[in-house]
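Structure below is query.csv: CSV, C-alpha atoms.
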```csv
chain,number,residue,atom,x,y,z
I,1442,MET,CA,0.8,7.5,-9.3
I,1443,ALA,CA,1.0,3.8,-8.8
I,1444,VAL,CA,4.2,2.0,-9.5
I,1445,ARG,CA,4.7,-1.7,-10.5
I,1446,ALA,CA,7.8,-2.5,-8.4
I,1447,VAL,CA,9.9,-0.8,-5.8
I,1448,VAL,CA,13.0,-1.4,-3.7
I,1449,ILE,CA,12.8,-0.8,0.1
I,1450,GLU,CA,15.9,-0.2,2.1
I,1451,ALA,CA,15.2,-0.2,5.9
I,1452,ASP,CA,17.2,0.0,9.1
I,1453,GLY,CA,16.8,0.6,12.8
I,1454,GLY,CA,18.8,0.8,15.9
I,1455,SER,CA,19.1,1.9,19.5
I,1456,ARG,CA,21.7,3.6,21.7
I,1457,GLY,CA,22.1,1.0,24.4
I,1458,ASN,CA,20.0,-2.0,23.2
I,1459,PRO,CA,17.5,-1.2,24.7
I,1460,GLY,CA,17.9,2.6,24.6
I,1461,PRO,CA,16.8,5.6,22.6
I,1462,ALA,CA,15.7,4.0,19.3
I,1463,GLY,CA,14.6,5.0,15.9
I,1464,TYR,CA,14.2,3.7,12.3
I,1465,GLY,CA,14.6,4.8,8.8
I,1466,ALA,CA,13.2,3.5,5.5
I,1467,VAL,CA,13.7,4.5,1.9
I,1468,VAL,CA,11.6,3.4,-1.1
I,1469,ARG,CA,13.4,3.6,-4.5
I,1470,ASP,CA,12.6,3.0,-8.1
I,1471,PRO,CA,14.5,-0.2,-9.0
I,1472,ALA,CA,15.5,1.0,-12.5
I,1473,SER,CA,16.7,4.5,-11.8
I,1474,GLY,CA,17.4,4.3,-8.1
I,1475,GLU,CA,15.4,7.5,-7.5
I,1476,VAL,CA,14.0,7.9,-4.0
I,1477,LEU,CA,10.2,7.7,-4.1
I,1478,ALA,CA,9.5,8.0,-0.3
I,1479,GLU,CA,11.3,8.2,3.0
I,1480,ARG,CA,10.2,7.3,6.5
I,1481,SER,CA,11.9,8.0,9.8
I,1482,GLU,CA,10.8,8.1,13.4
I,1483,ALA,CA,12.1,8.1,17.0
I,1484,ILE,CA,10.3,5.4,18.9
I,1485,GLY,CA,11.5,6.0,22.5
I,1486,THR,CA,13.3,3.2,24.3
I,1487,ALA,CA,13.5,0.0,22.4
I,1488,THR,CA,15.9,-2.7,21.2
I,1489,ASN,CA,17.8,-2.8,17.9
I,1490,ASN,CA,15.6,-5.7,16.6
I,1491,VAL,CA,12.3,-3.8,17.4
I,1492,ALA,CA,13.6,-0.7,15.6
I,1493,GLU,CA,14.7,-2.8,12.6
I,1494,TYR,CA,11.2,-4.4,12.3
I,1495,ARG,CA,9.6,-0.9,12.7
I,1496,GLY,CA,11.8,0.2,9.8
I,1497,LEU,CA,10.7,-2.6,7.6
I,1498,ILE,CA,7.0,-2.0,8.5
I,1499,ALA,CA,7.4,1.7,7.7
I,1500,GLY,CA,8.9,0.8,4.3
I,1501,LEU,CA,6.2,-1.6,3.4
I,1502,GLU,CA,3.5,0.9,4.4
I,1503,ALA,CA,5.2,3.5,2.2
I,1504,ALA,CA,5.3,1.0,-0.7
I,1505,ALA,CA,1.7,0.2,-0.3
I,1506,GLU,CA,0.8,3.9,-0.3
I,1507,LEU,CA,2.6,4.2,-3.7
I,1508,GLY,CA,0.5,1.4,-5.0
I,1509,ALA,CA,3.4,-1.0,-5.6
I,1510,ALA,CA,2.6,-4.5,-6.7
I,1511,GLU,CA,6.1,-6.0,-6.2
I,1512,VAL,CA,8.7,-5.3,-3.5
I,1513,GLU,CA,12.4,-6.0,-3.0
I,1514,ALA,CA,13.1,-5.5,0.7
I,1515,ARG,CA,16.7,-5.0,1.6
I,1516,LEU,CA,17.9,-4.9,5.2
I,1517,ASP,CA,21.3,-5.2,6.9
I,1518,SER,CA,19.6,-7.1,9.7
I,1519,LYS,CA,20.2,-10.8,9.3
I,1520,LEU,CA,17.7,-11.6,12.0
I,1521,VAL,CA,14.8,-9.8,10.4
I,1522,VAL,CA,15.5,-11.2,6.9
I,1523,GLU,CA,15.9,-14.8,8.1
I,1524,GLN,CA,12.8,-14.6,10.3
I,1525,MET,CA,10.6,-13.1,7.5
I,1526,CYS,CA,11.9,-15.8,5.2
I,1527,GLY,CA,10.8,-18.5,7.7
I,1528,ARG,CA,14.3,-19.9,8.3
I,1529,TRP,CA,14.8,-18.6,11.9
I,1530,GLN,CA,12.3,-19.0,14.7
I,1531,ILE,CA,10.8,-15.8,16.3
I,1532,LYS,CA,11.7,-16.7,19.9
I,1533,HIS,CA,11.3,-13.3,21.5
I,1534,PRO,CA,7.6,-12.6,22.3
I,1535,GLY,CA,8.1,-8.8,21.7
I,1536,LEU,CA,9.0,-9.4,18.1
I,1537,ARG,CA,6.1,-11.7,17.2
I,1538,PRO,CA,3.5,-8.9,16.9
I,1539,LEU,CA,5.9,-6.9,14.7
I,1540,ALA,CA,6.6,-9.9,12.5
I,1541,ALA,CA,2.8,-10.5,12.2
I,1542,GLN,CA,2.3,-6.9,11.3
I,1543,ALA,CA,5.0,-7.0,8.6
I,1544,ALA,CA,3.6,-10.3,7.3
I,1545,ALA,CA,0.1,-8.7,7.0
I,1546,LEU,CA,1.6,-5.9,4.9
I,1547,VAL,CA,3.5,-8.4,2.8
I,1548,GLY,CA,0.1,-10.0,2.0
I,1549,ARG,CA,-1.0,-6.8,0.3
I,1550,PHE,CA,1.5,-7.2,-2.5
I,1551,ALA,CA,1.6,-9.6,-5.4
I,1552,ALA,CA,5.2,-10.5,-4.5
I,1553,VAL,CA,7.7,-9.6,-1.8
I,1554,HIS,CA,11.4,-10.8,-1.8
I,1555,PHE,CA,13.7,-10.3,1.1
I,1556,GLN,CA,17.5,-9.8,0.8
I,1557,TRP,CA,20.3,-9.2,3.3
I,1558,ILE,CA,22.7,-6.4,2.3
I,1559,PRO,CA,25.9,-5.2,4.1
I,1560,ARG,CA,25.6,-2.0,6.1
I,1561,GLU,CA,27.7,0.0,3.6
I,1562,ARG,CA,25.0,-0.6,1.0
I,1563,ASN,CA,22.3,0.6,3.4
I,1564,ARG,CA,23.7,4.1,4.2
I,1565,HIS,CA,20.6,6.1,3.4
I,1566,ALA,CA,18.3,4.2,5.7
I,1567,ASP,CA,21.1,4.0,8.3
I,1568,ALA,CA,21.4,7.8,8.2
I,1569,LEU,CA,17.7,8.2,8.7
I,1570,ALA,CA,17.7,5.7,11.6
I,1571,ASN,CA,20.6,7.5,13.3
I,1572,ALA,CA,18.9,10.9,13.0
I,1573,ALA,CA,15.8,9.3,14.6
I,1574,MET,CA,17.9,7.8,17.4
I,1575,ASP,CA,19.5,11.2,18.1
I,1576,ALA,CA,16.0,12.6,18.3
I,1577,ALA,CA,15.0,9.9,20.7
I,1578,ALA,CA,18.0,10.7,22.9
I,1579,GLY,CA,17.2,14.4,22.9
I,1580,LYS,CA,20.3,15.3,20.9
I,1581,PRO,CA,20.4,17.8,18.0
I,1582,GLY,CA,20.9,14.9,15.7
I,1583,ARG,CA,23.0,14.5,12.5
I,1584,ALA,CA,21.6,15.4,9.1
I,1585,ALA,CA,19.8,12.6,7.4
I,1586,ALA,CA,20.5,11.6,3.8
I,1587,PRO,CA,19.2,14.0,1.3
I,1588,SER,CA,15.6,13.2,0.3
I,1589,ARG,CA,16.2,13.1,-3.4
I,1590,GLU,CA,19.3,11.0,-3.4
I,1591,VAL,CA,19.5,8.7,-6.4
I,1592,ALA,CA,21.3,5.3,-6.0
I,1593,ALA,CA,22.8,3.3,-8.8
I,1594,PRO,CA,20.0,1.3,-10.6
I,1595,ASP,CA,19.9,-2.4,-10.0
I,1596,SER,CA,21.3,-3.0,-13.5
I,1597,ALA,CA,24.5,-1.3,-12.5
I,1598,ARG,CA,24.9,-3.0,-9.2
I,1599,ALA,CA,25.9,-6.5,-8.2
I,1600,VAL,CA,22.9,-7.7,-6.3
I,1601,GLU,CA,22.6,-11.0,-4.4
I,1602,PRO,CA,19.8,-13.3,-5.5
I,1603,SER,CA,16.5,-12.4,-3.8
I,1604,ARG,CA,14.9,-14.7,-1.4
I,1605,GLU,CA,11.3,-15.9,-1.3
I,1606,VAL,CA,9.3,-15.1,1.8
I,1607,ALA,CA,9.3,-18.7,2.8
I,1608,ALA,CA,12.2,-21.0,2.2
I,1609,PRO,CA,12.1,-24.7,1.1
I,1610,ASP,CA,14.6,-25.8,3.6
I,1611,SER,CA,12.1,-25.8,6.6
I,1612,PRO,CA,8.5,-26.4,5.5
I,1613,ALA,CA,7.1,-26.9,9.0
I,1614,ARG,CA,8.8,-23.8,10.3
I,1615,ALA,CA,7.7,-21.7,7.3
I,1616,LEU,CA,4.1,-22.9,7.9
I,1617,ALA,CA,4.3,-21.9,11.5
I,1618,ARG,CA,5.5,-18.4,10.6
I,1619,ALA,CA,2.7,-18.1,8.1
I,1620,ALA,CA,0.1,-19.3,10.7
I,1621,ALA,CA,1.3,-16.7,13.2
I,1622,ALA,CA,1.0,-13.9,10.6
I,1623,ARG,CA,-2.4,-14.9,9.3
I,1624,ALA,CA,-3.8,-15.1,12.8
I,1625,ALA,CA,-3.7,-11.3,12.8
I,1626,THR,CA,-4.9,-10.8,9.3
I,1627,ARG,CA,-7.4,-13.4,8.2
I,1628,GLY,CA,-11.1,-12.8,7.9
I,1629,ALA,CA,-11.8,-12.4,4.2
I,1630,GLY,CA,-9.8,-9.3,3.8
I,1631,SER,CA,-11.3,-7.4,6.8
I,1632,ASP,CA,-9.4,-5.7,9.6
I,1633,PRO,CA,-9.2,-8.4,12.3
I,1634,ALA,CA,-10.1,-5.8,14.9
I,1635,THR,CA,-13.5,-5.4,13.3
I,1636,ILE,CA,-14.5,-9.0,12.8
I,1637,PRO,CA,-17.2,-10.1,15.2
I,1638,THR,CA,-15.9,-12.6,17.7
I,1639,SER,CA,-19.1,-13.0,19.8
I,1640,TRP,CA,-21.3,-16.1,19.8
I,1641,GLU,CA,-24.3,-13.8,19.5
I,1642,PRO,CA,-26.3,-14.6,16.4
I,1643,GLN,CA,-26.4,-12.1,13.6
I,1644,PRO,CA,-29.4,-11.3,11.4
I,1645,SER,CA,-29.5,-13.9,8.7
I,1646,ASP,CA,-31.3,-11.6,6.2
I,1647,THR,CA,-28.2,-9.4,5.9
I,1648,ALA,CA,-25.7,-12.2,5.1
I,1649,THR,CA,-24.8,-13.2,1.6
I,1650,ARG,CA,-24.7,-16.9,1.3
I,1651,LEU,CA,-22.1,-18.3,-1.0
I,1652,ILE,CA,-22.6,-21.9,-2.3
I,1653,LEU,CA,-19.2,-23.0,-3.4
I,1654,VAL,CA,-19.3,-25.8,-6.0
I,1655,ARG,CA,-16.3,-27.6,-7.4
I,1656,HIS,CA,-16.7,-28.6,-11.0
I,1657,GLY,CA,-17.5,-32.2,-11.9
I,1658,GLU,CA,-14.9,-34.8,-12.7
I,1659,THR,CA,-12.6,-34.7,-15.7
I,1660,GLU,CA,-10.1,-37.2,-17.1
I,1661,PHE,CA,-7.3,-35.3,-15.3
I,1662,THR,CA,-9.3,-35.4,-12.1
I,1663,ALA,CA,-9.6,-39.2,-12.2
I,1664,GLN,CA,-5.9,-39.5,-13.1
I,1665,ARG,CA,-4.9,-37.1,-10.3
I,1666,ARG,CA,-3.1,-34.8,-12.7
I,1667,TYR,CA,-2.5,-31.1,-12.1
I,1668,SER,CA,-5.2,-29.4,-14.0
I,1669,GLY,CA,-4.9,-25.6,-14.0
I,1670,ARG,CA,-5.5,-23.4,-17.0
I,1671,GLY,CA,-5.9,-26.2,-19.5
I,1672,ASP,CA,-9.5,-26.4,-20.7
I,1673,VAL,CA,-10.2,-30.1,-19.9
I,1674,PRO,CA,-13.9,-30.9,-20.4
I,1675,LEU,CA,-16.1,-32.9,-18.0
I,1676,SER,CA,-16.0,-36.7,-18.4
I,1677,VAL,CA,-19.2,-38.8,-18.7
I,1678,ARG,CA,-19.1,-39.3,-15.0
I,1679,GLY,CA,-18.4,-35.6,-14.5
I,1680,ARG,CA,-21.6,-34.7,-16.4
I,1681,ALA,CA,-23.6,-37.0,-14.2
I,1682,GLN,CA,-22.1,-35.4,-11.1
I,1683,ALA,CA,-23.0,-32.0,-12.5
I,1684,ARG,CA,-26.6,-33.0,-12.8
I,1685,ALA,CA,-26.7,-34.4,-9.3
I,1686,THR,CA,-25.0,-31.3,-7.9
I,1687,ALA,CA,-27.5,-29.1,-9.7
I,1688,ALA,CA,-30.4,-30.9,-8.1
I,1689,ARG,CA,-28.8,-30.6,-4.6
I,1690,VAL,CA,-28.1,-26.9,-5.1
I,1691,ALA,CA,-31.7,-26.3,-6.2
I,1692,ALA,CA,-32.9,-28.1,-3.0
I,1693,LEU,CA,-30.5,-26.0,-0.8
I,1694,ALA,CA,-31.4,-22.7,-2.3
I,1695,PRO,CA,-34.7,-22.4,-4.1
I,1696,SER,CA,-34.0,-18.6,-4.6
I,1697,VAL,CA,-30.6,-17.8,-6.1
I,1698,ALA,CA,-29.6,-14.3,-7.2
I,1699,ALA,CA,-26.8,-15.4,-9.6
I,1700,VAL,CA,-24.6,-18.2,-10.6
I,1701,VAL,CA,-20.9,-17.1,-11.2
I,1702,SER,CA,-18.5,-19.5,-12.8
I,1703,SER,CA,-14.8,-19.8,-13.8
I,1704,PRO,CA,-14.6,-19.5,-17.6
I,1705,LEU,CA,-13.2,-22.9,-18.1
I,1706,SER,CA,-15.6,-25.4,-19.7
I,1707,ARG,CA,-15.5,-27.9,-16.8
I,1708,CYS,CA,-17.0,-25.2,-14.6
I,1709,THR,CA,-19.3,-23.6,-17.1
I,1710,ALA,CA,-20.9,-27.0,-17.9
I,1711,THR,CA,-21.4,-27.6,-14.2
I,1712,ALA,CA,-22.8,-24.1,-13.8
I,1713,GLU,CA,-25.2,-24.5,-16.8
I,1714,ALA,CA,-26.6,-27.6,-15.2
I,1715,ILE,CA,-27.3,-25.7,-12.0
I,1716,VAL,CA,-29.0,-22.9,-13.9
I,1717,GLU,CA,-31.2,-25.4,-15.7
I,1718,ALA,CA,-32.2,-27.0,-12.4
I,1719,ILE,CA,-32.9,-23.7,-10.6
I,1720,GLY,CA,-34.7,-21.9,-13.4
I,1721,ASP,CA,-34.6,-18.2,-14.1
I,1722,VAL,CA,-31.2,-17.1,-12.8
I,1723,PRO,CA,-28.4,-15.2,-14.6
I,1724,LEU,CA,-25.1,-17.0,-15.3
I,1725,ARG,CA,-21.9,-15.1,-15.7
I,1726,THR,CA,-18.2,-15.9,-15.7
I,1727,ALA,CA,-15.4,-14.3,-13.7
I,1728,GLY,CA,-11.8,-14.8,-14.8
I,1729,ASP,CA,-10.6,-14.4,-11.3
I,1730,LEU,CA,-12.3,-17.7,-10.4
I,1731,ILE,CA,-10.0,-19.7,-12.7
I,1732,GLU,CA,-7.8,-22.5,-11.3
I,1733,CYS,CA,-4.2,-21.9,-10.3
I,1734,ASP,CA,-1.7,-21.7,-13.2
I,1735,PHE,CA,0.5,-24.8,-12.6
I,1736,GLY,CA,2.9,-23.8,-15.3
I,1737,ALA,CA,5.3,-26.5,-16.3
I,1738,TRP,CA,3.4,-29.0,-14.1
I,1739,GLU,CA,0.2,-28.8,-16.0
I,1740,GLY,CA,-1.1,-32.2,-16.9
I,1741,ARG,CA,1.5,-34.1,-14.8
I,1742,THR,CA,1.0,-36.3,-11.8
I,1743,PHE,CA,2.5,-35.5,-8.4
I,1744,ALA,CA,5.0,-38.4,-8.9
I,1745,GLU,CA,6.1,-36.9,-12.3
I,1746,VAL,CA,6.6,-33.5,-10.7
I,1747,ARG,CA,8.5,-35.0,-7.8
I,1748,ALA,CA,10.8,-36.7,-10.2
I,1749,GLY,CA,11.4,-33.7,-12.4
I,1750,TRP,CA,11.3,-30.8,-10.0
I,1751,PRO,CA,12.1,-32.0,-6.5
I,1752,GLY,CA,13.5,-28.8,-5.2
I,1753,GLU,CA,10.8,-26.6,-6.8
I,1754,LEU,CA,8.1,-28.9,-5.4
I,1755,ASP,CA,9.4,-28.7,-1.9
I,1756,ALA,CA,9.5,-25.0,-2.1
I,1757,TRP,CA,6.0,-24.8,-3.4
I,1758,LEU,CA,4.7,-27.1,-0.7
I,1759,ALA,CA,6.4,-25.0,2.0
I,1760,SER,CA,5.1,-21.6,1.0
I,1761,THR,CA,1.9,-20.3,-0.6
I,1762,ARG,CA,4.1,-17.5,-2.0
I,1763,VAL,CA,6.1,-19.8,-4.2
I,1764,ALA,CA,4.8,-20.5,-7.7
I,1765,PRO,CA,5.5,-23.6,-9.9
I,1766,PRO,CA,7.9,-23.0,-12.7
I,1767,ASP,CA,6.2,-20.5,-15.1
I,1768,GLY,CA,3.1,-20.7,-12.9
I,1769,GLU,CA,1.2,-18.8,-10.2
I,1770,SER,CA,1.4,-18.9,-6.4
I,1771,PHE,CA,-1.5,-19.6,-4.2
I,1772,THR,CA,-1.0,-16.2,-2.7
I,1773,GLU,CA,-1.9,-14.7,-6.1
I,1774,VAL,CA,-4.8,-17.1,-6.5
I,1775,ALA,CA,-6.1,-16.0,-3.0
I,1776,ALA,CA,-5.9,-12.4,-3.9
I,1777,ARG,CA,-7.9,-12.6,-7.1
I,1778,THR,CA,-10.4,-15.0,-5.6
I,1779,ALA,CA,-11.0,-12.6,-2.7
I,1780,ARG,CA,-11.7,-9.9,-5.2
I,1781,VAL,CA,-14.6,-11.9,-6.6
I,1782,THR,CA,-16.1,-12.9,-3.3
I,1783,ASP,CA,-15.8,-9.4,-1.9
I,1784,ALA,CA,-17.6,-8.0,-4.9
I,1785,LEU,CA,-20.4,-10.6,-4.5
I,1786,ILE,CA,-20.9,-9.6,-0.9
I,1787,GLU,CA,-21.3,-6.0,-1.9
I,1788,ALA,CA,-23.5,-6.7,-5.0
I,1789,TYR,CA,-25.9,-9.3,-3.4
I,1790,PRO,CA,-26.4,-8.4,0.3
I,1791,GLY,CA,-28.8,-10.8,2.0
I,1792,GLU,CA,-29.0,-13.0,-1.1
I,1793,THR,CA,-27.6,-16.4,-2.3
I,1794,VAL,CA,-25.0,-16.7,-5.0
I,1795,VAL,CA,-23.7,-20.0,-6.4
I,1796,VAL,CA,-19.9,-19.9,-7.2
I,1797,VAL,CA,-18.6,-22.6,-9.5
I,1798,SER,CA,-14.8,-22.9,-9.4
I,1799,HIS,CA,-11.9,-25.2,-8.9
I,1800,VAL,CA,-10.2,-26.9,-6.0
I,1801,SER,CA,-7.5,-24.3,-5.3
I,1802,PRO,CA,-9.7,-21.2,-5.3
I,1803,ILE,CA,-12.4,-22.9,-3.1
I,1804,LYS,CA,-9.8,-24.1,-0.6
I,1805,LEU,CA,-8.4,-20.7,-0.3
I,1806,VAL,CA,-11.8,-19.1,0.3
I,1807,LEU,CA,-12.5,-21.7,3.0
I,1808,ARG,CA,-9.0,-21.2,4.5
I,1809,ASP,CA,-9.7,-17.5,4.9
I,1810,ALA,CA,-13.3,-18.0,6.1
I,1811,LEU,CA,-12.0,-20.3,8.9
I,1812,CYS,CA,-8.9,-18.1,9.7
I,1813,ALA,CA,-6.9,-21.2,9.2
I,1814,ASP,CA,-3.2,-21.5,8.4
I,1815,ASP,CA,-1.7,-22.9,5.2
I,1816,ALA,CA,-1.5,-26.4,6.5
I,1817,PHE,CA,-5.3,-26.4,6.0
I,1818,LEU,CA,-4.7,-26.4,2.2
I,1819,HIS,CA,-2.9,-29.7,2.5
I,1820,ARG,CA,-5.3,-31.3,4.9
I,1821,LEU,CA,-8.6,-30.4,3.3
I,1822,TYR,CA,-9.9,-32.7,0.5
I,1823,LEU,CA,-12.5,-31.4,-1.9
I,1824,ASP,CA,-14.2,-33.9,-4.1
I,1825,ALA,CA,-15.2,-33.2,-7.7
I,1826,ALA,CA,-18.8,-31.7,-7.6
I,1827,GLY,CA,-18.6,-31.3,-3.8
I,1828,ILE,CA,-20.5,-28.4,-2.2
I,1829,SER,CA,-19.5,-26.0,0.6
I,1830,VAL,CA,-21.6,-23.3,2.0
I,1831,LEU,CA,-20.7,-20.1,3.9
I,1832,ASP,CA,-22.4,-16.9,5.0
I,1833,ARG,CA,-20.7,-13.5,4.8
I,1834,TRP,CA,-21.9,-10.4,6.6
I,1835,PRO,CA,-21.1,-6.9,5.5
I,1836,ASP,CA,-19.2,-6.2,8.7
I,1837,GLY,CA,-16.8,-9.1,8.0
I,1838,GLY,CA,-18.6,-11.8,10.0
I,1839,VAL,CA,-18.4,-15.3,8.6
I,1840,ALA,CA,-20.3,-18.5,9.3
I,1841,VAL,CA,-19.1,-21.7,7.5
I,1842,ARG,CA,-22.2,-24.0,7.2
I,1843,SER,CA,-20.8,-27.0,5.4
I,1844,ILE,CA,-17.6,-28.2,3.6
I,1845,ASN,CA,-17.4,-30.8,0.8
I,1846,ASP,CA,-20.9,-32.1,0.9
I,1847,THR,CA,-21.0,-35.1,-1.4
I,1848,ALA,CA,-24.1,-37.0,-0.3
I,1849,HIS,CA,-25.9,-36.1,-3.5
I,1850,LEU,CA,-23.3,-37.7,-5.8
I,1851,PRO,CA,-23.8,-41.0,-7.5
I,1852,THR,CA,-21.7,-43.9,-6.1
I,1853,PRO,CA,-18.8,-44.9,-8.3
```
Serialized structure, structure tokens:
Amino acid sequence: MAVRAVVIEADGGSRGNPGPAGYGAVVRDPASGEVLAERSEAIGTATNNVAEYRGLIAGLEAAAELGAAEVEARLDSKLVVEQMCGRWQIKHPGLRPLAAQAAALVGRFAAVHFQWIPRERNRHADALANAAMDAAAGKPGRAAAPSREVAAPDSARAVEPSREVAAPDSPARALARAAAARAATRGAGSDPATIPTSWEPQPSDTATRLILVRHGETEFTAQRRYSGRGDVPLSVRGRAQARATAARVAALAPSVAAVVSSPLSRCTATAEAIVEAIGDVPLRTAGDLIECDFGAWEGRTFAEVRAGWPGELDAWLASTRVAPPDGESFTEVAARTARVTDALIEAYPGETVVVVSHVSPIKLVLRDALCADDAFLHRLYLDAAGISVLDRWPDGGVAVRSINDTAHLPTP
């Protein structure tokens, strides 16, 4: 049965560094401390750091199998924690693929926090790792911790504050870590090993074409204010942009299978104009296409946020896993937006679908389509009523046709 949140305790080591190595991982219920899963394996000859990463990966895999949405990962390896948090560079080439694999697993959860703990608080995972090391060395091995051991629940323990996956103290370094991780995992949710990398053309009649439309201008757009879940209507200029965009979409795709829109009125009004221009086409809304929840920053300018929340803003700019106060992270936005696009690929093979949404969801779709890193989000500008076009094949292939086409818009 799926669980909402779990705690992972992971450890690894070797007899000789490098030497006979193994890892151990324990997944617990955070409230009761009950053991939900254990993982342990001898991995032959390896270093301590490799074994520690393998322990983390095994714990994350076990948590994913349990259907967990949130994870607290606790390790007594300072190196692994600091590297996964983006504060330390991953200098050793042998650790980079393991860090990328761990980061790929992290991306499967709504939230993952990393915390360093002293070895004495990691005894169960340590015992599993030592038993695995004994096995790797060909020794009889000591007994591992009992599989149904129950630790004290979090409420009864003094726990250090958890740490976000990326830290605000080094934005460039955090972005570099994220880029390395995504290089192994991007591709619209597909296994990177299965994504076509050839220049050989694919049959166009099997691709689903997504025409991505940002809504027309609102007063908040013109004033450069954070506009998330607030239902700000189109301005007079925004309605004119919607009509011009509708004509452009009709010219691009005379045959459209569906128009799918965010439920906010600035999007539905834009989508209705497109439906009117195209003709007989269904219009439906999808809640997962809604803009990022900017929480306490809603309706404020960047300068106002910088003045009121400087630390929180730096952290948010440094990591897509960090949310504004009382808001939503871009990682969460990307996950729900991918659910919509994946469903559209499955429902409309070989057809064209118009998707009307907001700047953040569309940027995230394009980031993943291009296998780009998070710096892409800060460098790409999407105008109100701009159009982007991409093709998606059932096997994971992607072709980005255009980004932020605005030639159809009336001049200011």
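Atom CA of I:Tyr1494 is positioned 7.5 Å from atom CA of I:Gly1453.
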Might you pull out every residue within 12 Å of I:Gln1664, with only C-alpha atoms counted and same-chain residues fewer than 5 positions away left off, and present them as a PDB file with C-alpha atoms, keeping the file's coordinate frame?
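The result, written out as part30.pdb:
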```pdb
ATOM      1  CA  GLU I1658     -14.900 -34.800 -12.700  1.00  0.00           C
ATOM      2  CA  THR I1659     -12.600 -34.700 -15.700  1.00  0.00           C
ATOM      3  CA  SER I1676     -16.000 -36.700 -18.400  1.00  0.00           C
ATOM      4  CA  GLY I1740      -1.100 -32.200 -16.900  1.00  0.00           C
ATOM      5  CA  ARG I1741       1.500 -34.100 -14.800  1.00  0.00           C
ATOM      6  CA  THR I1742       1.000 -36.300 -11.800  1.00  0.00           C
ATOM      7  CA  PHE I1743       2.500 -35.500  -8.400  1.00  0.00           C
ATOM      8  CA  ALA I1744       5.000 -38.400  -8.900  1.00  0.00           C
TER       9      ALA I1744
END
```
How far is it from atom CA of I:Arg1666 to atom CA of I:Val1553, in Å with one decimal? 29.5 Å
For stretch 1816-1830 of chain I: contacts at 9 Å, all atoms listed in the file, fewer than 4 positions along chain excluded, given as a short mmCIF file (atom, residue, chain, number, x, y, z; two decimals) with C-alpha atoms, keeping the file's coordinate frame:
```cif
data_model
loop_
_atom_site.label_atom_id
_atom_site.label_comp_id
_atom_site.auth_asym_id
_atom_site.auth_seq_id
_atom_site.Cartn_x
_atom_site.Cartn_y
_atom_site.Cartn_z
CA ALA I 1613 7.10 -26.90 9.00
CA LEU I 1616 4.10 -22.90 7.90
CA ALA I 1617 4.30 -21.90 11.50
CA ALA I 1620 0.10 -19.30 10.70
CA ARG I 1650 -24.70 -16.90 1.30
CA LEU I 1651 -22.10 -18.30 -1.00
CA ILE I 1652 -22.60 -21.90 -2.30
CA LEU I 1653 -19.20 -23.00 -3.40
CA VAL I 1654 -19.30 -25.80 -6.00
CA ARG I 1655 -16.30 -27.60 -7.40
CA HIS I 1656 -16.70 -28.60 -11.00
CA GLY I 1657 -17.50 -32.20 -11.90
CA GLU I 1658 -14.90 -34.80 -12.70
CA THR I 1659 -12.60 -34.70 -15.70
CA THR I 1662 -9.30 -35.40 -12.10
CA GLY I 1679 -18.40 -35.60 -14.50
CA GLN I 1682 -22.10 -35.40 -11.10
CA ALA I 1683 -23.00 -32.00 -12.50
CA ALA I 1685 -26.70 -34.40 -9.30
CA THR I 1686 -25.00 -31.30 -7.90
CA ARG I 1689 -28.80 -30.60 -4.60
CA VAL I 1690 -28.10 -26.90 -5.10
CA THR I 1711 -21.40 -27.60 -14.20
CA LEU I 1758 4.70 -27.10 -0.70
CA HIS I 1799 -11.90 -25.20 -8.90
CA VAL I 1800 -10.20 -26.90 -6.00
CA SER I 1801 -7.50 -24.30 -5.30
CA ILE I 1803 -12.40 -22.90 -3.10
CA LYS I 1804 -9.80 -24.10 -0.60
CA LEU I 1805 -8.40 -20.70 -0.30
CA LEU I 1807 -12.50 -21.70 3.00
CA ARG I 1808 -9.00 -21.20 4.50
CA ALA I 1840 -20.30 -18.50 9.30
CA VAL I 1841 -19.10 -21.70 7.50
CA ARG I 1842 -22.20 -24.00 7.20
CA SER I 1843 -20.80 -27.00 5.40
CA ILE I 1844 -17.60 -28.20 3.60
CA ASN I 1845 -17.40 -30.80 0.80
CA ASP I 1846 -20.90 -32.10 0.90
CA THR I 1847 -21.00 -35.10 -1.40
CA ALA I 1848 -24.10 -37.00 -0.30
CA HIS I 1849 -25.90 -36.10 -3.50
CA LEU I 1850 -23.30 -37.70 -5.80
#
```
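Rounded to one decimal, atom CA of I:Glu1482 and atom CA of I:Met1574 lie 8.2 Å from each other.
Taking all atoms listed in the file into account, I:Gly1736 lies nearest to I:Arg1670 out of the set I:Arg1670, I:Arg1445, I:Arg1780, I:Lys1519.
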Counting only C-alpha atoms, figure out which residue out of I:Ile1715, I:Ala1648, I:Ala1710, I:Val1774 gets nearest to I:Leu1730. I:Val1774
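For the residues I:Ala1462, I:Leu1539, I:Ala1504, I:Ile1786, ranking by smallest atom-to-atom distance to I:Ala1578 using all atoms listed in the file places I:Ala1462 first.
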Within 9 Å of I:Gly1728, counting all atoms listed in the file, which residues show up once you throw out same-chain ones fewer than 5 positions away? Write them as a count of residues only, please. 5
Once you count all atoms listed in the file, which residues end up no further than 9 Å from (12.6, 2.0, -4.6) in the file's frame, shown as a list in words? Ala1446, Val1447, Val1448, Ile1449, Glu1450, Val1467, Val1468, Arg1469, Asp1470, Pro1471, Ala1472, Ser1473, Gly1474, Glu1475, Val1476, Leu1477, Ala1478, Ala1504, Val1512 and Glu1513 of chain I
Nearby residues, (5.7, -21.9, -10.4) file frame, 10 Å, only C-alpha atoms, as a PyMOL selection string: chain I and resi 1733-1738+1753-1754+1756-1757+1762-1771
